[in-house]
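Please read the structure below before turning to the comments.
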Amino acid sequence: MRDAATEPDFVVIDVETACARVSSICQIGIVGFRDGREVFSYETLLDPCDEFHAVNTRIHGIAAHHVAGQPNFAQVHAIVDGHLAGRITVAHSYFDKGALHAACLVHDRPSIETRWLDSVRVARLAWPDLENHRLGGLARYLGIAHRHHDALSDARAAGWVIVKAIDHTGLSLADWMAPPRQPGPPPPAAADGPLRGERIAILGEPRDGPLAHQLAARGGTIMAAMGLTTTMLVIAAAAPFPPSITNATAYRRAMKAIAAGRSVTIVSAAALRRTGFDPRPFRSPGAG
């Protein structure tokens with residue numbers, strides 16, 4: 001029976017695999033966190049019951065001779081299930097979730113029932129201006145000790161990403177576990193205004209948010225996404241735009257449309273407001 005006094009708020013798992021088959025787990029690391037601190041860790045090498053590919057060994061340094069005599073996944077399934085089942089389980093991307101599911105199937109073991117939280121998604125929302133949200137870069141940015149592609153170190157680092165994101169944003173673990181709010185329908189365009197005839201995609205706010213209502217009140221038609229008929233991309237962030245904006249799909253589609261000769265205006269909401277929502281000063285590509 002689990003002790004409620006020491007029950008972790010969440011656990012983190014990371015796995016390394018021997019080859020391209022995600023079921024070929026050769027190392028598992030699990031770390032438990034409670035009240036913003038580490039409370040337990042578990043790590044083991046595994047015999048993947050599969051071949052080792054050179055590319056995988058180059059990544060994590062584990063080869064067949066390292067796992068000689070080690071247990072296979074079936075033999076540690078009960079331990080892993082005991083750490084994860086019924087808890088919130090963090091993984092940095094859902095590769096590890098897929099690997100666990102595949103290993104359970106290959107080794108004829110029941111699926112591990114847990115609630116998953118992707119620390120990549122958390123990091124993107126907590127620190128949107130970072131150029132990328134790979135674990136190594138996040139660890140350097142946040143000052144987390146980290147040895148990449150070691151399962152225990154990767155799990156520990158992903159756990160600290162969650163702890164630091166909670167501290168940075170003020171959002172609780174329950175907030176991060178809540179499903180993202182699905183935007184409602186966009187507001188209808190006013191019959192007249194300086195944006196009449198413009199078909200507008202918004203980047204940085206939902207299509208039913210305050211910015212959408214401001215644009216629709218000036219005659220703009222709010223689009224669900226950046227598409228073939230879109231004439232404007234209005235960005236909630238201020239220029240110069242950070243990587244979280246310039247790397248976004250909508251921004252890249254807008255730039256591609258401009259390069260193809262389409263008339264698309266990219267403008268920040270702040271710059272557009274300064275002109276009283278008159279789009280004409282921003283007709284040159286990328287202005288704002």
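For the structure tokens, the naming scheme is as follows: chains receive sequential letters (A, B, ...) according to their order of presentation, residues are indexed from 1 within each chain, and ligands are indexed from 1 in presentation order.
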
Leaving out Asp9 in chain A and any residue of its chain fewer than 5 positions from it, which residues lie within 9 Å of it when counting only C-alpha atoms, given as JSON, numbers by chain? {"A": [32, 33, 34, 35, 36, 87, 88, 173]}

Could you produce a table of the residues of range 146-247 of chain A lying within 9 Å of range 110-132 of chain A, with the nearest pair of atoms per residue and their separation in Å rounded to one decimal, using only C-alpha atoms, ordered by chain and increasing residue number, as JSON lines?
{"residue": "A:Ala158", "atom": "CA", "partner": "A:Ser119", "partner_atom": "CA", "distance": 6.5}
{"residue": "A:Gly159", "atom": "CA", "partner": "A:Ser119", "partner_atom": "CA", "distance": 8.1}
{"residue": "A:Val161", "atom": "CA", "partner": "A:Ser119", "partner_atom": "CA", "distance": 7.0}
{"residue": "A:Ile162", "atom": "CA", "partner": "A:Ser119", "partner_atom": "CA", "distance": 6.5}
{"residue": "A:Ala165", "atom": "CA", "partner": "A:Ala126", "partner_atom": "CA", "distance": 5.8}
{"residue": "A:Ile166", "atom": "CA", "partner": "A:Ala126", "partner_atom": "CA", "distance": 8.5}
{"residue": "A:His168", "atom": "CA", "partner": "A:Ala126", "partner_atom": "CA", "distance": 7.2}
{"residue": "A:Thr169", "atom": "CA", "partner": "A:Ala126", "partner_atom": "CA", "distance": 6.4}
{"residue": "A:Trp176", "atom": "CA", "partner": "A:Val122", "partner_atom": "CA", "distance": 7.2}
{"residue": "A:Met177", "atom": "CA", "partner": "A:Leu117", "partner_atom": "CA", "distance": 6.7}
{"residue": "A:Pro242", "atom": "CA", "partner": "A:Asp129", "partner_atom": "CA", "distance": 5.5}
{"residue": "A:Pro243", "atom": "CA", "partner": "A:Glu131", "partner_atom": "CA", "distance": 5.2}
{"residue": "A:Ser244", "atom": "CA", "partner": "A:Asp129", "partner_atom": "CA", "distance": 4.9}
{"residue": "A:Ile245", "atom": "CA", "partner": "A:Asp129", "partner_atom": "CA", "distance": 7.9}
{"residue": "A:Asn247", "atom": "CA", "partner": "A:Glu131", "partner_atom": "CA", "distance": 8.1}

Please identify the strand (DSSP E or B) residues within range 81-156 of chain A (assignment by DSSP from backbone atoms) and present them as number ranges by chain. A: 88-91, 115-118

Using N, CA and C atoms, can you write the selected residues to a file as a PDB file, in the first residue's frame?
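Result went into part04.pdb, see below:
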ATOM      1  N   ILE A  88       0.375  10.787 -11.994  1.00  0.00           N
ATOM      2  CA  ILE A  88       0.706  11.644 -13.132  1.00  0.00           C
ATOM      3  C   ILE A  88       2.128  11.303 -13.550  1.00  0.00           C
ATOM      4  N   THR A  89       2.302  10.957 -14.813  1.00  0.00           N
ATOM      5  CA  THR A  89       3.616  10.589 -15.335  1.00  0.00           C
ATOM      6  C   THR A  89       4.041  11.592 -16.396  1.00  0.00           C
ATOM      7  N   VAL A  90       5.195  12.187 -16.167  1.00  0.00           N
ATOM      8  CA  VAL A  90       5.760  13.171 -17.090  1.00  0.00           C
ATOM      9  C   VAL A  90       6.744  12.470 -18.016  1.00  0.00           C
ATOM     10  N   ALA A  91       6.731  12.859 -19.285  1.00  0.00           N
ATOM     11  CA  ALA A  91       7.760  12.442 -20.239  1.00  0.00           C
ATOM     12  C   ALA A  91       8.047  13.627 -21.149  1.00  0.00           C
ATOM     13  N   ARG A 115      -1.650   8.810 -15.970  1.00  0.00           N
ATOM     14  CA  ARG A 115      -2.068  10.058 -16.622  1.00  0.00           C
ATOM     15  C   ARG A 115      -0.806  10.775 -17.093  1.00  0.00           C
ATOM     16  N   TRP A 116      -0.719  11.041 -18.395  1.00  0.00           N
ATOM     17  CA  TRP A 116       0.518  11.537 -18.989  1.00  0.00           C
ATOM     18  C   TRP A 116       0.519  13.057 -19.088  1.00  0.00           C
ATOM     19  N   LEU A 117       1.699  13.637 -18.882  1.00  0.00           N
ATOM     20  CA  LEU A 117       1.921  15.071 -19.060  1.00  0.00           C
ATOM     21  C   LEU A 117       3.207  15.242 -19.857  1.00  0.00           C
ATOM     22  N   ASP A 118       3.116  15.970 -20.967  1.00  0.00           N
ATOM     23  CA  ASP A 118       4.254  16.185 -21.862  1.00  0.00           C
ATOM     24  C   ASP A 118       5.012  17.430 -21.421  1.00  0.00           C
TER      25      ASP A 118
END

Compare A:Gln214, A:Thr249, A:Ser93, A:Ser172 by their minimum atom-to-atom distance to Ala269 in chain A, counting only C-alpha atoms, and give me the closest one. A:Gln214

Residues near Ala271 in chain A, anyone? I mean within 10 Å using only C-alpha atoms, not counting same-chain ones fewer than 3 positions away, as a list in words. Val234, Ile235, Ala238, Ala239, Val267, Ser268, Arg274, Thr275, Gly276, Phe277, Asp278, Pro279, Pro281, Phe282, Ala287 and Gly288 of chain A

Please produce a file of those selected residues containing N, CA, C and O atoms, as a PDB file, in the first residue's frame.
ATOM      1  N   VAL A 234      -2.145  38.934 -37.994  1.00  0.00           N
ATOM      2  CA  VAL A 234      -1.964  39.885 -36.903  1.00  0.00           C
ATOM      3  C   VAL A 234      -1.389  39.120 -35.711  1.00  0.00           C
ATOM      4  O   VAL A 234      -1.938  38.107 -35.282  1.00  0.00           O
ATOM      5  N   ILE A 235      -0.283  39.640 -35.190  1.00  0.00           N
ATOM      6  CA  ILE A 235       0.482  38.930 -34.168  1.00  0.00           C
ATOM      7  C   ILE A 235       0.331  39.651 -32.835  1.00  0.00           C
ATOM      8  O   ILE A 235       0.571  40.864 -32.736  1.00  0.00           O
ATOM      9  N   ALA A 238       4.809  41.793 -29.604  1.00  0.00           N
ATOM     10  CA  ALA A 238       5.388  43.013 -30.166  1.00  0.00           C
ATOM     11  C   ALA A 238       6.575  42.679 -31.049  1.00  0.00           C
ATOM     12  O   ALA A 238       7.303  41.705 -30.816  1.00  0.00           O
ATOM     13  N   ALA A 239       6.791  43.485 -32.078  1.00  0.00           N
ATOM     14  CA  ALA A 239       7.961  43.343 -32.931  1.00  0.00           C
ATOM     15  C   ALA A 239       9.173  43.956 -32.229  1.00  0.00           C
ATOM     16  O   ALA A 239       9.016  44.908 -31.444  1.00  0.00           O
ATOM     17  N   VAL A 267       1.613  41.940 -39.376  1.00  0.00           N
ATOM     18  CA  VAL A 267       1.678  43.145 -38.549  1.00  0.00           C
ATOM     19  C   VAL A 267       1.428  42.781 -37.091  1.00  0.00           C
ATOM     20  O   VAL A 267       0.653  41.871 -36.791  1.00  0.00           O
ATOM     21  N   SER A 268       2.097  43.459 -36.187  1.00  0.00           N
ATOM     22  CA  SER A 268       1.813  43.262 -34.765  1.00  0.00           C
ATOM     23  C   SER A 268       0.522  43.995 -34.401  1.00  0.00           C
ATOM     24  O   SER A 268       0.174  45.027 -35.003  1.00  0.00           O
ATOM     25  N   ARG A 274      -1.889  51.467 -33.293  1.00  0.00           N
ATOM     26  CA  ARG A 274      -1.359  52.828 -33.390  1.00  0.00           C
ATOM     27  C   ARG A 274      -1.871  53.576 -34.612  1.00  0.00           C
ATOM     28  O   ARG A 274      -1.888  54.806 -34.635  1.00  0.00           O
ATOM     29  N   THR A 275      -2.283  52.844 -35.627  1.00  0.00           N
ATOM     30  CA  THR A 275      -2.829  53.487 -36.830  1.00  0.00           C
ATOM     31  C   THR A 275      -4.348  53.519 -36.818  1.00  0.00           C
ATOM     32  O   THR A 275      -4.971  53.818 -37.852  1.00  0.00           O
ATOM     33  N   GLY A 276      -4.959  53.205 -35.683  1.00  0.00           N
ATOM     34  CA  GLY A 276      -6.416  53.136 -35.640  1.00  0.00           C
ATOM     35  C   GLY A 276      -6.948  51.979 -36.456  1.00  0.00           C
ATOM     36  O   GLY A 276      -8.043  52.064 -37.015  1.00  0.00           O
ATOM     37  N   PHE A 277      -6.185  50.888 -36.527  1.00  0.00           N
ATOM     38  CA  PHE A 277      -6.543  49.673 -37.260  1.00  0.00           C
ATOM     39  C   PHE A 277      -6.593  49.901 -38.768  1.00  0.00           C
ATOM     40  O   PHE A 277      -7.268  49.171 -39.496  1.00  0.00           O
ATOM     41  N   ASP A 278      -5.857  50.881 -39.251  1.00  0.00           N
ATOM     42  CA  ASP A 278      -5.722  51.110 -40.694  1.00  0.00           C
ATOM     43  C   ASP A 278      -4.573  50.239 -41.203  1.00  0.00           C
ATOM     44  O   ASP A 278      -3.419  50.434 -40.804  1.00  0.00           O
ATOM     45  N   PRO A 279      -4.843  49.265 -42.081  1.00  0.00           N
ATOM     46  CA  PRO A 279      -3.774  48.359 -42.515  1.00  0.00           C
ATOM     47  C   PRO A 279      -2.863  48.933 -43.593  1.00  0.00           C
ATOM     48  O   PRO A 279      -1.815  48.352 -43.880  1.00  0.00           O
ATOM     49  N   PRO A 281      -0.603  51.335 -43.924  1.00  0.00           N
ATOM     50  CA  PRO A 281       0.838  51.571 -43.729  1.00  0.00           C
ATOM     51  C   PRO A 281       1.679  50.301 -43.669  1.00  0.00           C
ATOM     52  O   PRO A 281       2.904  50.382 -43.720  1.00  0.00           O
ATOM     53  N   PHE A 282       1.035  49.144 -43.595  1.00  0.00           N
ATOM     54  CA  PHE A 282       1.788  47.900 -43.395  1.00  0.00           C
ATOM     55  C   PHE A 282       1.707  46.986 -44.606  1.00  0.00           C
ATOM     56  O   PHE A 282       1.901  45.767 -44.494  1.00  0.00           O
ATOM     57  N   ALA A 287       6.170  43.965 -42.489  1.00  0.00           N
ATOM     58  CA  ALA A 287       6.205  45.191 -41.702  1.00  0.00           C
ATOM     59  C   ALA A 287       5.462  45.003 -40.393  1.00  0.00           C
ATOM     60  O   ALA A 287       4.629  44.120 -40.253  1.00  0.00           O
ATOM     61  N   GLY A 288       5.686  45.880 -39.449  1.00  0.00           N
ATOM     62  CA  GLY A 288       4.953  45.819 -38.203  1.00  0.00           C
ATOM     63  C   GLY A 288       5.832  45.885 -37.009  1.00  0.00           C
ATOM     64  O   GLY A 288       5.372  45.858 -35.905  1.00  0.00           O
TER      65      GLY A 288
END
